[in-house]
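J.: Data file entry.pdb (PDB, C-alpha atoms) is appended below.
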MODEL        1
ATOM      1  CA  MET A 279     -66.054 106.736   7.243
ATOM      2  CA  ASN A 280     -66.006 103.212   8.746
ATOM      3  CA  MET A 281     -66.885 100.492   6.253
ATOM      4  CA  THR A 282     -66.754  96.969   7.641
ATOM      5  CA  THR A 283     -67.845  93.851   5.872
ATOM      6  CA  THR A 284     -69.183  90.945   7.864
ATOM      7  CA  ILE A 285     -68.261  87.575   6.437
ATOM      8  CA  GLU A 286     -70.318  84.798   7.976
ATOM      9  CA  MET A 287     -69.153  81.333   8.921
ATOM     10  CA  PRO A 288     -69.150  79.235   5.739
ATOM     11  CA  ASN A 289     -71.931  76.745   5.119
ATOM     12  CA  ILE A 290     -71.944  74.274   2.262
ATOM     13  CA  HIS A 291     -75.173  72.572   1.205
ATOM     14  CA  LEU A 292     -75.063  69.814  -1.429
ATOM     15  CA  THR A 293     -77.844  67.576  -2.720
ATOM     16  CA  THR A 294     -77.053  64.378  -4.642
ATOM     17  CA  PHE A 295     -79.548  61.928  -6.135
ATOM     18  CA  ILE A 296     -78.463  58.275  -6.057
ATOM     19  CA  ALA A 297     -80.485  55.532  -7.759
ATOM     20  CA  ALA A 298     -80.073  53.025  -4.906
ATOM     21  CA  PRO A 299     -81.855  52.114  -1.651
ATOM     22  CA  VAL A 300     -81.373  54.470   1.311
ATOM     23  CA  GLU A 301     -79.796  51.756   3.528
ATOM     24  CA  ARG A 302     -77.064  51.082   0.945
ATOM     25  CA  VAL A 303     -76.309  54.777   0.423
ATOM     26  CA  PHE A 304     -76.254  55.386   4.200
ATOM     27  CA  ASP A 305     -73.803  52.533   4.817
ATOM     28  CA  LEU A 306     -71.544  53.491   1.907
ATOM     29  CA  SER A 307     -71.445  57.071   3.236
ATOM     30  CA  ARG A 308     -70.074  55.919   6.584
ATOM     31  CA  ASN A 309     -67.726  53.319   5.114
ATOM     32  CA  ILE A 310     -64.089  54.143   5.881
ATOM     33  CA  ASP A 311     -62.779  52.111   2.921
ATOM     34  CA  LEU A 312     -65.028  53.959   0.453
ATOM     35  CA  HIS A 313     -63.941  57.314   1.875
ATOM     36  CA  LYS A 314     -60.297  56.336   1.307
ATOM     37  CA  GLU A 315     -61.182  55.310  -2.256
ATOM     38  CA  SER A 316     -62.814  58.691  -2.914
ATOM     39  CA  MET A 317     -59.754  60.587  -1.625
ATOM     40  CA  THR A 318     -56.888  58.626  -3.243
ATOM     41  CA  LYS A 319     -55.718  61.808  -4.979
ATOM     42  CA  HIS A 320     -55.003  63.275  -1.526
ATOM     43  CA  LYS A 321     -53.423  60.056  -0.181
ATOM     44  CA  GLU A 322     -56.030  60.083   2.586
ATOM     45  CA  GLU A 323     -55.670  57.265   5.074
ATOM     46  CA  ALA A 324     -57.278  56.331   8.381
ATOM     47  CA  VAL A 325     -54.440  56.167  10.926
ATOM     48  CA  ALA A 326     -56.307  55.786  14.251
ATOM     49  CA  GLY A 327     -59.743  54.978  15.638
ATOM     50  CA  THR A 328     -62.113  53.174  13.278
ATOM     51  CA  ARG A 329     -59.824  52.442  10.331
ATOM     52  CA  PHE A 330     -61.916  50.009   8.242
ATOM     53  CA  GLY A 331     -65.562  49.196   7.576
ATOM     54  CA  LEU A 332     -68.528  51.101   8.973
ATOM     55  CA  ILE A 333     -68.100  53.827  11.568
ATOM     56  CA  GLU A 334     -70.736  53.973  14.316
ATOM     57  CA  LYS A 335     -72.067  56.578  16.762
ATOM     58  CA  ASP A 336     -69.490  57.823  19.310
ATOM     59  CA  GLU A 337     -66.579  56.334  17.324
ATOM     60  CA  THR A 338     -63.716  58.419  16.001
ATOM     61  CA  VAL A 339     -61.481  58.196  12.961
ATOM     62  CA  THR A 340     -58.211  60.054  12.507
ATOM     63  CA  TRP A 341     -57.426  60.925   8.898
ATOM     64  CA  LYS A 342     -54.008  61.772   7.532
ATOM     65  CA  ALA A 343     -54.032  63.435   4.107
ATOM     66  CA  LYS A 344     -52.288  65.885   1.839
ATOM     67  CA  HIS A 345     -54.425  69.012   1.439
ATOM     68  CA  LEU A 346     -53.332  72.490   0.423
ATOM     69  CA  PHE A 347     -49.661  71.501   0.006
ATOM     70  CA  LYS A 348     -49.340  70.073   3.524
ATOM     71  CA  THR A 349     -49.898  66.774   5.310
ATOM     72  CA  ARG A 350     -52.793  67.303   7.694
ATOM     73  CA  ILE A 351     -54.325  65.320  10.547
ATOM     74  CA  LEU A 352     -58.068  65.467  11.218
ATOM     75  CA  ARG A 353     -59.844  63.457  13.915
ATOM     76  CA  THR A 354     -63.619  63.359  13.632
ATOM     77  CA  LYS A 355     -66.215  61.843  15.923
ATOM     78  CA  ILE A 356     -69.670  60.584  14.986
ATOM     79  CA  THR A 357     -71.810  62.622  17.373
ATOM     80  CA  GLU A 358     -75.240  61.661  16.085
ATOM     81  CA  MET A 359     -76.666  58.709  14.148
ATOM     82  CA  VAL A 360     -80.206  57.689  13.267
ATOM     83  CA  LYS A 361     -80.015  54.798  10.795
ATOM     84  CA  PRO A 362     -80.574  55.172   7.842
ATOM     85  CA  MET A 363     -81.657  58.832   7.977
ATOM     86  CA  VAL A 364     -78.804  60.919   9.378
ATOM     87  CA  PHE A 365     -75.348  60.921  10.876
ATOM     88  CA  VAL A 366     -73.157  63.808  11.958
ATOM     89  CA  ASP A 367     -69.400  63.950  12.234
ATOM     90  CA  GLU A 368     -67.571  66.743  14.030
ATOM     91  CA  GLN A 369     -63.918  67.650  14.298
ATOM     92  CA  ALA A 370     -62.390  66.471  17.564
ATOM     93  CA  LYS A 371     -58.876  67.579  16.576
ATOM     94  CA  GLY A 372     -57.541  69.357  13.508
ATOM     95  CA  ASP A 373     -56.803  72.607  11.715
ATOM     96  CA  PHE A 374     -60.327  74.016  11.849
ATOM     97  CA  LYS A 375     -61.655  76.092  14.699
ATOM     98  CA  MET A 376     -64.890  74.144  14.149
ATOM     99  CA  LEU A 377     -66.061  71.584  11.581
ATOM    100  CA  LYS A 378     -69.436  69.847  11.513
ATOM    101  CA  HIS A 379     -70.685  67.682   8.629
ATOM    102  CA  GLU A 380     -74.338  66.600   8.642
ATOM    103  CA  HIS A 381     -75.219  63.695   6.313
ATOM    104  CA  HIS A 382     -78.969  63.407   5.599
ATOM    105  CA  PHE A 383     -80.635  60.619   3.588
ATOM    106  CA  LYS A 384     -84.172  60.769   2.225
ATOM    107  CA  PRO A 385     -85.695  57.775   0.445
ATOM    108  CA  CYS A 386     -87.606  58.674  -2.691
ATOM    109  CA  GLU A 387     -89.505  56.750  -5.356
ATOM    110  CA  ASN A 388     -86.489  55.655  -7.407
ATOM    111  CA  GLY A 389     -83.576  55.973  -4.987
ATOM    112  CA  THR A 390     -82.137  58.232  -2.317
ATOM    113  CA  ILE A 391     -81.608  61.942  -1.962
ATOM    114  CA  MET A 392     -78.376  62.523  -0.056
ATOM    115  CA  ILE A 393     -77.928  65.951   1.516
ATOM    116  CA  ASP A 394     -74.630  67.202   2.935
ATOM    117  CA  VAL A 395     -74.580  70.256   5.183
ATOM    118  CA  ILE A 396     -71.118  71.390   6.246
ATOM    119  CA  HIS A 397     -70.442  74.174   8.739
ATOM    120  CA  PHE A 398     -66.868  75.197   9.394
ATOM    121  CA  GLU A 399     -64.801  77.951  10.860
ATOM    122  CA  THR A 400     -61.106  78.532  10.402
ATOM    123  CA  PRO A 401     -58.763  80.167  12.874
ATOM    124  CA  TYR A 402     -56.827  83.377  12.101
ATOM    125  CA  GLY A 403     -59.732  85.809  12.392
ATOM    126  CA  ALA A 404     -60.211  88.121   9.408
ATOM    127  CA  MET A 405     -57.413  86.416   7.443
ATOM    128  CA  GLY A 406     -59.144  83.045   7.899
ATOM    129  CA  ARG A 407     -62.512  84.452   6.803
ATOM    130  CA  TRP A 408     -60.881  86.047   3.757
ATOM    131  CA  PHE A 409     -59.230  82.702   2.860
ATOM    132  CA  ASN A 410     -62.587  80.901   3.258
ATOM    133  CA  ALA A 411     -64.332  83.326   0.929
ATOM    134  CA  LEU A 412     -61.542  83.335  -1.620
ATOM    135  CA  TYR A 413     -60.669  79.635  -1.751
ATOM    136  CA  LEU A 414     -61.382  77.170   1.077
ATOM    137  CA  THR A 415     -65.188  76.970   0.768
ATOM    138  CA  ARG A 416     -64.919  76.016  -2.930
ATOM    139  CA  TYR A 417     -62.112  73.548  -2.159
ATOM    140  CA  ILE A 418     -64.172  71.726   0.503
ATOM    141  CA  LYS A 419     -67.270  71.727  -1.716
ATOM    142  CA  LYS A 420     -65.257  70.126  -4.517
ATOM    143  CA  LEU A 421     -63.923  67.438  -2.121
ATOM    144  CA  ILE A 422     -67.465  66.542  -0.985
ATOM    145  CA  GLU A 423     -68.720  66.472  -4.593
ATOM    146  CA  GLN A 424     -65.859  64.108  -5.460
ATOM    147  CA  ARG A 425     -66.717  61.892  -2.468
ATOM    148  CA  ASN A 426     -70.408  61.897  -3.416
ATOM    149  CA  GLN A 427     -69.614  60.850  -6.992
ATOM    150  CA  THR A 428     -67.689  57.854  -5.617
ATOM    151  CA  ILE A 429     -70.616  56.924  -3.335
ATOM    152  CA  LYS A 430     -72.988  57.239  -6.314
ATOM    153  CA  GLU A 431     -70.731  55.114  -8.550
ATOM    154  CA  PHE A 432     -70.496  52.323  -5.947
ATOM    155  CA  ALA A 433     -74.184  52.446  -4.934
ATOM    156  CA  GLU A 434     -75.528  52.359  -8.494
ATOM    157  CA  THR A 435     -73.288  49.480  -9.671
ATOM    158  CA  ASP A 436     -72.227  46.135  -8.189
ATOM    159  CA  LYS A 437     -69.122  47.765  -6.664
ATOM    160  CA  TRP A 438     -70.981  48.231  -3.333
ATOM    161  CA  LYS A 439     -70.969  44.430  -2.816
ATOM    162  CA  LYS A 440     -67.209  44.379  -2.165
ATOM    163  CA  LEU A 441     -67.612  46.885   0.677
ATOM    164  CA  LEU A 442     -70.905  45.889   2.307
ATOM    165  CA  ASN A 443     -71.702  42.361   3.425
ATOM    166  CA  LYS A 444     -75.355  42.286   2.412
TER     167      LYS A 444
ENDMDL
END
Just dump the structure as structure tokens.
T.:
Amino acid sequence: MNMTTTIEMPNIHLTTFIAAPVERVFDLSRNIDLHKESMTKHKEEAVAGTRFGLIEKDETVTWKAKHLFKTRILRTKITEMVKPMVFVDEQAKGDFKMLKHEHHFKPCENGTIMIDVIHFETPYGAMGRWFNALYLTRYIKKLIEQRNQTIKEFAETDKWKKLLNK
């Protein structure tokens, strides 16, 4: 008897409400300095490409960080941007077989609804899919939730003023 289980490519979908204008939330979400702030626990730093301020369409940033007991390098490129509604970053170089992070922003009556959609695929075939199901998907989701909490904290207080010149 042949019993095979198909494990699909992981997708993460997060929705975060932020009581701040969509333009502010959009700019904080693409701010390199804020991203570093949200990932201090992982000693994440921008080492090449756009290293400070706001990243724009077709620009890249190379991140160096400690994740899963190892220093890792990830270069992402902004492949799509419609201000202040959406931007997409995709892995240009790194440990994933494929990584795409869509950032969507919807203005609402009392703030902004921020939606993150992350698609990723790891190498190593069945072992990679097993690792995704067992651990990696939850790990990435937790990282994005942590990042979103930092964006929310800055956007809803005066902290955003030290990062955005508005």
J.: Hey, what comes out of the PyMOL selection byres ((chain A and resi 354-368) around 9) on this file? Could you write it as a PDB file with C-alpha atoms, in the frame of the given file?
T.:
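The file below, expr-v9.pdb, is the result:
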ATOM      1  CA  VAL A 300     -81.373  54.470   1.311  1.00  0.00           C
ATOM      2  CA  GLU A 301     -79.796  51.756   3.528  1.00  0.00           C
ATOM      3  CA  ARG A 302     -77.064  51.082   0.945  1.00  0.00           C
ATOM      4  CA  VAL A 303     -76.309  54.777   0.423  1.00  0.00           C
ATOM      5  CA  PHE A 304     -76.254  55.386   4.200  1.00  0.00           C
ATOM      6  CA  ASP A 305     -73.803  52.533   4.817  1.00  0.00           C
ATOM      7  CA  ARG A 308     -70.074  55.919   6.584  1.00  0.00           C
ATOM      8  CA  ILE A 333     -68.100  53.827  11.568  1.00  0.00           C
ATOM      9  CA  GLU A 334     -70.736  53.973  14.316  1.00  0.00           C
ATOM     10  CA  LYS A 335     -72.067  56.578  16.762  1.00  0.00           C
ATOM     11  CA  ASP A 336     -69.490  57.823  19.310  1.00  0.00           C
ATOM     12  CA  GLU A 337     -66.579  56.334  17.324  1.00  0.00           C
ATOM     13  CA  THR A 338     -63.716  58.419  16.001  1.00  0.00           C
ATOM     14  CA  VAL A 339     -61.481  58.196  12.961  1.00  0.00           C
ATOM     15  CA  THR A 340     -58.211  60.054  12.507  1.00  0.00           C
ATOM     16  CA  TRP A 341     -57.426  60.925   8.898  1.00  0.00           C
ATOM     17  CA  LEU A 352     -58.068  65.467  11.218  1.00  0.00           C
ATOM     18  CA  ARG A 353     -59.844  63.457  13.915  1.00  0.00           C
ATOM     19  CA  GLN A 369     -63.918  67.650  14.298  1.00  0.00           C
ATOM     20  CA  ALA A 370     -62.390  66.471  17.564  1.00  0.00           C
ATOM     21  CA  LYS A 371     -58.876  67.579  16.576  1.00  0.00           C
ATOM     22  CA  GLY A 372     -57.541  69.357  13.508  1.00  0.00           C
ATOM     23  CA  MET A 376     -64.890  74.144  14.149  1.00  0.00           C
ATOM     24  CA  LEU A 377     -66.061  71.584  11.581  1.00  0.00           C
ATOM     25  CA  LYS A 378     -69.436  69.847  11.513  1.00  0.00           C
ATOM     26  CA  HIS A 379     -70.685  67.682   8.629  1.00  0.00           C
ATOM     27  CA  GLU A 380     -74.338  66.600   8.642  1.00  0.00           C
ATOM     28  CA  HIS A 381     -75.219  63.695   6.313  1.00  0.00           C
ATOM     29  CA  HIS A 382     -78.969  63.407   5.599  1.00  0.00           C
ATOM     30  CA  PHE A 383     -80.635  60.619   3.588  1.00  0.00           C
ATOM     31  CA  LYS A 384     -84.172  60.769   2.225  1.00  0.00           C
ATOM     32  CA  PRO A 385     -85.695  57.775   0.445  1.00  0.00           C
TER      33      PRO A 385
END
J.: Evaluate the PyMOL selection byres ((chain A and resi 315) around 12) and record the selected residues as a PyMOL selection string, following the chain and residue labels used in the document.
T.: chain A and resi 306-307+309-314+316-324+330+424-429+431-432+437+441
J.: Measure the distance from atom CA of A:Leu414 to atom CA of A:Ala343 in Å and round it to one decimal.
T.: 15.9 Å
J.: Restricting the calculation to only C-alpha atoms: of A:Leu332, A:Glu423, A:Phe409, A:His291, which residue gets closest to A:Asn443?
T.: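 Between A:Leu332, A:Glu423, A:Phe409, A:His291, the residue approaching A:Asn443 most closely is A:Leu332.
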J.: Pick from A:Gly331, A:Ala326, A:Glu434, A:Asp373: nearest to A:Lys348, with all atoms listed in the file counted?
T.: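 Between A:Gly331, A:Ala326, A:Glu434, A:Asp373, the residue approaching A:Lys348 most closely is A:Asp373.
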J.: So which one's closest to A:Ile290, A:Cys386, A:Leu421, A:Ala411, A:Ile396? Using all atoms listed in the file, please.
T.: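 Comparing A:Cys386, A:Leu421, A:Ala411, A:Ile396 against A:Ile290, the winner is A:Ile396.
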J.: With distances taken over all atoms listed in the file, which of A:Lys440, A:Thr390, A:Tyr402, A:Tyr413 is nearest to A:Phe295?
T.: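 Under the stated criterion, the closest residue is A:Thr390.
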J.: Would you compute the distance between atom CA of A:Arg329 and atom CA of A:Thr415? Give it in Å to one decimal.
T.: 26.9 Å
J.: Using all atoms listed in the file, can you tell me which of A:Ile391, A:Leu292, A:Met287, A:Ile418 comes closest to A:Gly403?
T.: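 Using all atoms listed in the file, A:Gly403 sits closest to A:Met287.
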J.: Have a look at atom CA of A:Tyr417 and atom CA of A:Leu346 and let me know their distance in Å, one decimal.
T.: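 Going from atom CA of A:Tyr417 over to atom CA of A:Leu346, I get 9.2 Å.
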J.: Quick one: what's the axis-aligned box for stretch 337-349 of chain A, all listed atoms, 5 Å on every side, centre and edges in Å to one decimal, as JSON?
T.:
{"center_x": -58.0, "center_y": 64.4, "center_z": 8.7, "size_x": 27.2, "size_y": 26.2, "size_z": 27.3}
J.: Starting from the point (-74.3, 62.8, -0.3), work out which residues of protein, DNA or RNA have an atom no more than 6 Å away when counting only C-alpha atoms; state them as a list in words.
T.: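 So the residues meeting the distance criterion are Thr294, Met392, Ile393, Asp394 and Asn426 of chain A.
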J.: Please rebuild stretch 369-405 of chain A with N, CA and C atoms and give the result as a PDB file, keeping the file's coordinate frame.
T.:
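Everything below was put into result00.pdb:
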ATOM      1  N   GLN A 369     -65.343  67.658  14.022  1.00  0.00           N
ATOM      2  CA  GLN A 369     -63.918  67.650  14.298  1.00  0.00           C
ATOM      3  C   GLN A 369     -63.683  67.540  15.795  1.00  0.00           C
ATOM      4  N   ALA A 370     -62.829  66.584  16.179  1.00  0.00           N
ATOM      5  CA  ALA A 370     -62.390  66.471  17.564  1.00  0.00           C
ATOM      6  C   ALA A 370     -60.984  67.072  17.692  1.00  0.00           C
ATOM      7  N   LYS A 371     -60.223  67.009  16.590  1.00  0.00           N
ATOM      8  CA  LYS A 371     -58.876  67.579  16.576  1.00  0.00           C
ATOM      9  C   LYS A 371     -58.507  67.860  15.123  1.00  0.00           C
ATOM     10  N   GLY A 372     -57.932  69.023  14.872  1.00  0.00           N
ATOM     11  CA  GLY A 372     -57.541  69.357  13.508  1.00  0.00           C
ATOM     12  C   GLY A 372     -57.296  70.833  13.319  1.00  0.00           C
ATOM     13  N   ASP A 373     -57.159  71.228  12.063  1.00  0.00           N
ATOM     14  CA  ASP A 373     -56.803  72.607  11.715  1.00  0.00           C
ATOM     15  C   ASP A 373     -57.959  73.599  11.809  1.00  0.00           C
ATOM     16  N   PHE A 374     -59.182  73.108  11.800  1.00  0.00           N
ATOM     17  CA  PHE A 374     -60.327  74.016  11.849  1.00  0.00           C
ATOM     18  C   PHE A 374     -60.584  74.470  13.282  1.00  0.00           C
ATOM     19  N   LYS A 375     -61.174  75.640  13.396  1.00  0.00           N
ATOM     20  CA  LYS A 375     -61.655  76.092  14.699  1.00  0.00           C
ATOM     21  C   LYS A 375     -62.890  75.266  15.054  1.00  0.00           C
ATOM     22  N   MET A 376     -63.685  74.956  14.003  1.00  0.00           N
ATOM     23  CA  MET A 376     -64.890  74.144  14.149  1.00  0.00           C
ATOM     24  C   MET A 376     -65.222  73.544  12.787  1.00  0.00           C
ATOM     25  N   LEU A 377     -65.625  72.262  12.799  1.00  0.00           N
ATOM     26  CA  LEU A 377     -66.061  71.584  11.581  1.00  0.00           C
ATOM     27  C   LEU A 377     -67.158  70.602  11.949  1.00  0.00           C
ATOM     28  N   LYS A 378     -68.296  70.744  11.284  1.00  0.00           N
ATOM     29  CA  LYS A 378     -69.436  69.847  11.513  1.00  0.00           C
ATOM     30  C   LYS A 378     -70.014  69.483  10.161  1.00  0.00           C
ATOM     31  N   HIS A 379     -70.157  68.168   9.900  1.00  0.00           N
ATOM     32  CA  HIS A 379     -70.685  67.682   8.629  1.00  0.00           C
ATOM     33  C   HIS A 379     -71.918  66.831   8.926  1.00  0.00           C
ATOM     34  N   GLU A 380     -73.073  67.333   8.495  1.00  0.00           N
ATOM     35  CA  GLU A 380     -74.338  66.600   8.642  1.00  0.00           C
ATOM     36  C   GLU A 380     -74.604  65.849   7.341  1.00  0.00           C
ATOM     37  N   HIS A 381     -74.894  64.551   7.456  1.00  0.00           N
ATOM     38  CA  HIS A 381     -75.219  63.695   6.313  1.00  0.00           C
ATOM     39  C   HIS A 381     -76.683  63.283   6.465  1.00  0.00           C
ATOM     40  N   HIS A 382     -77.539  63.734   5.548  1.00  0.00           N
ATOM     41  CA  HIS A 382     -78.969  63.407   5.599  1.00  0.00           C
ATOM     42  C   HIS A 382     -79.325  62.526   4.404  1.00  0.00           C
ATOM     43  N   PHE A 383     -80.233  61.573   4.628  1.00  0.00           N
ATOM     44  CA  PHE A 383     -80.635  60.619   3.588  1.00  0.00           C
ATOM     45  C   PHE A 383     -82.153  60.541   3.555  1.00  0.00           C
ATOM     46  N   LYS A 384     -82.716  60.795   2.381  1.00  0.00           N
ATOM     47  CA  LYS A 384     -84.172  60.769   2.225  1.00  0.00           C
ATOM     48  C   LYS A 384     -84.528  59.778   1.127  1.00  0.00           C
ATOM     49  N   PRO A 385     -85.263  58.702   1.495  1.00  0.00           N
ATOM     50  CA  PRO A 385     -85.695  57.775   0.445  1.00  0.00           C
ATOM     51  C   PRO A 385     -86.705  58.464  -0.463  1.00  0.00           C
ATOM     52  N   CYS A 386     -86.626  58.152  -1.739  1.00  0.00           N
ATOM     53  CA  CYS A 386     -87.606  58.674  -2.691  1.00  0.00           C
ATOM     54  C   CYS A 386     -87.994  57.529  -3.627  1.00  0.00           C
ATOM     55  N   GLU A 387     -88.899  57.794  -4.518  1.00  0.00           N
ATOM     56  CA  GLU A 387     -89.505  56.750  -5.356  1.00  0.00           C
ATOM     57  C   GLU A 387     -88.475  55.867  -6.065  1.00  0.00           C
ATOM     58  N   ASN A 388     -87.439  56.446  -6.614  1.00  0.00           N
ATOM     59  CA  ASN A 388     -86.489  55.655  -7.407  1.00  0.00           C
ATOM     60  C   ASN A 388     -85.063  55.713  -6.871  1.00  0.00           C
ATOM     61  N   GLY A 389     -84.921  55.956  -5.562  1.00  0.00           N
ATOM     62  CA  GLY A 389     -83.576  55.973  -4.987  1.00  0.00           C
ATOM     63  C   GLY A 389     -83.502  56.744  -3.689  1.00  0.00           C
ATOM     64  N   THR A 390     -82.415  57.511  -3.553  1.00  0.00           N
ATOM     65  CA  THR A 390     -82.137  58.232  -2.317  1.00  0.00           C
ATOM     66  C   THR A 390     -81.656  59.646  -2.650  1.00  0.00           C
ATOM     67  N   ILE A 391     -82.140  60.589  -1.880  1.00  0.00           N
ATOM     68  CA  ILE A 391     -81.608  61.942  -1.962  1.00  0.00           C
ATOM     69  C   ILE A 391     -80.663  62.103  -0.777  1.00  0.00           C
ATOM     70  N   MET A 392     -79.405  62.354  -1.078  1.00  0.00           N
ATOM     71  CA  MET A 392     -78.376  62.523  -0.056  1.00  0.00           C
ATOM     72  C   MET A 392     -78.076  64.015   0.060  1.00  0.00           C
ATOM     73  N   ILE A 393     -78.151  64.520   1.279  1.00  0.00           N
ATOM     74  CA  ILE A 393     -77.928  65.951   1.516  1.00  0.00           C
ATOM     75  C   ILE A 393     -76.762  66.109   2.486  1.00  0.00           C
ATOM     76  N   ASP A 394     -75.779  66.882   2.081  1.00  0.00           N
ATOM     77  CA  ASP A 394     -74.630  67.202   2.935  1.00  0.00           C
ATOM     78  C   ASP A 394     -74.742  68.656   3.351  1.00  0.00           C
ATOM     79  N   VAL A 395     -74.619  68.896   4.661  1.00  0.00           N
ATOM     80  CA  VAL A 395     -74.580  70.256   5.183  1.00  0.00           C
ATOM     81  C   VAL A 395     -73.304  70.354   6.009  1.00  0.00           C
ATOM     82  N   ILE A 396     -72.411  71.247   5.576  1.00  0.00           N
ATOM     83  CA  ILE A 396     -71.118  71.390   6.246  1.00  0.00           C
ATOM     84  C   ILE A 396     -71.009  72.805   6.791  1.00  0.00           C
ATOM     85  N   HIS A 397     -70.702  72.892   8.083  1.00  0.00           N
ATOM     86  CA  HIS A 397     -70.442  74.174   8.739  1.00  0.00           C
ATOM     87  C   HIS A 397     -68.986  74.123   9.182  1.00  0.00           C
ATOM     88  N   PHE A 398     -68.241  75.183   8.916  1.00  0.00           N
ATOM     89  CA  PHE A 398     -66.868  75.197   9.394  1.00  0.00           C
ATOM     90  C   PHE A 398     -66.406  76.612   9.680  1.00  0.00           C
ATOM     91  N   GLU A 399     -65.396  76.680  10.515  1.00  0.00           N
ATOM     92  CA  GLU A 399     -64.801  77.951  10.860  1.00  0.00           C
ATOM     93  C   GLU A 399     -63.298  77.733  10.956  1.00  0.00           C
ATOM     94  N   THR A 400     -62.560  78.630  10.350  1.00  0.00           N
ATOM     95  CA  THR A 400     -61.106  78.532  10.402  1.00  0.00           C
ATOM     96  C   THR A 400     -60.569  79.504  11.447  1.00  0.00           C
ATOM     97  N   PRO A 401     -59.389  79.202  11.961  1.00  0.00           N
ATOM     98  CA  PRO A 401     -58.763  80.167  12.874  1.00  0.00           C
ATOM     99  C   PRO A 401     -58.248  81.385  12.090  1.00  0.00           C
ATOM    100  N   TYR A 402     -57.509  82.215  12.709  1.00  0.00           N
ATOM    101  CA  TYR A 402     -56.827  83.377  12.101  1.00  0.00           C
ATOM    102  C   TYR A 402     -57.745  84.546  11.804  1.00  0.00           C
ATOM    103  N   GLY A 403     -58.892  84.621  12.465  1.00  0.00           N
ATOM    104  CA  GLY A 403     -59.732  85.809  12.392  1.00  0.00           C
ATOM    105  C   GLY A 403     -60.079  86.252  10.984  1.00  0.00           C
ATOM    106  N   ALA A 404     -59.851  87.544  10.705  1.00  0.00           N
ATOM    107  CA  ALA A 404     -60.211  88.121   9.408  1.00  0.00           C
ATOM    108  C   ALA A 404     -59.454  87.454   8.268  1.00  0.00           C
ATOM    109  N   MET A 405     -58.192  87.106   8.487  1.00  0.00           N
ATOM    110  CA  MET A 405     -57.413  86.416   7.443  1.00  0.00           C
ATOM    111  C   MET A 405     -58.057  85.071   7.103  1.00  0.00           C
TER     112      MET A 405
END
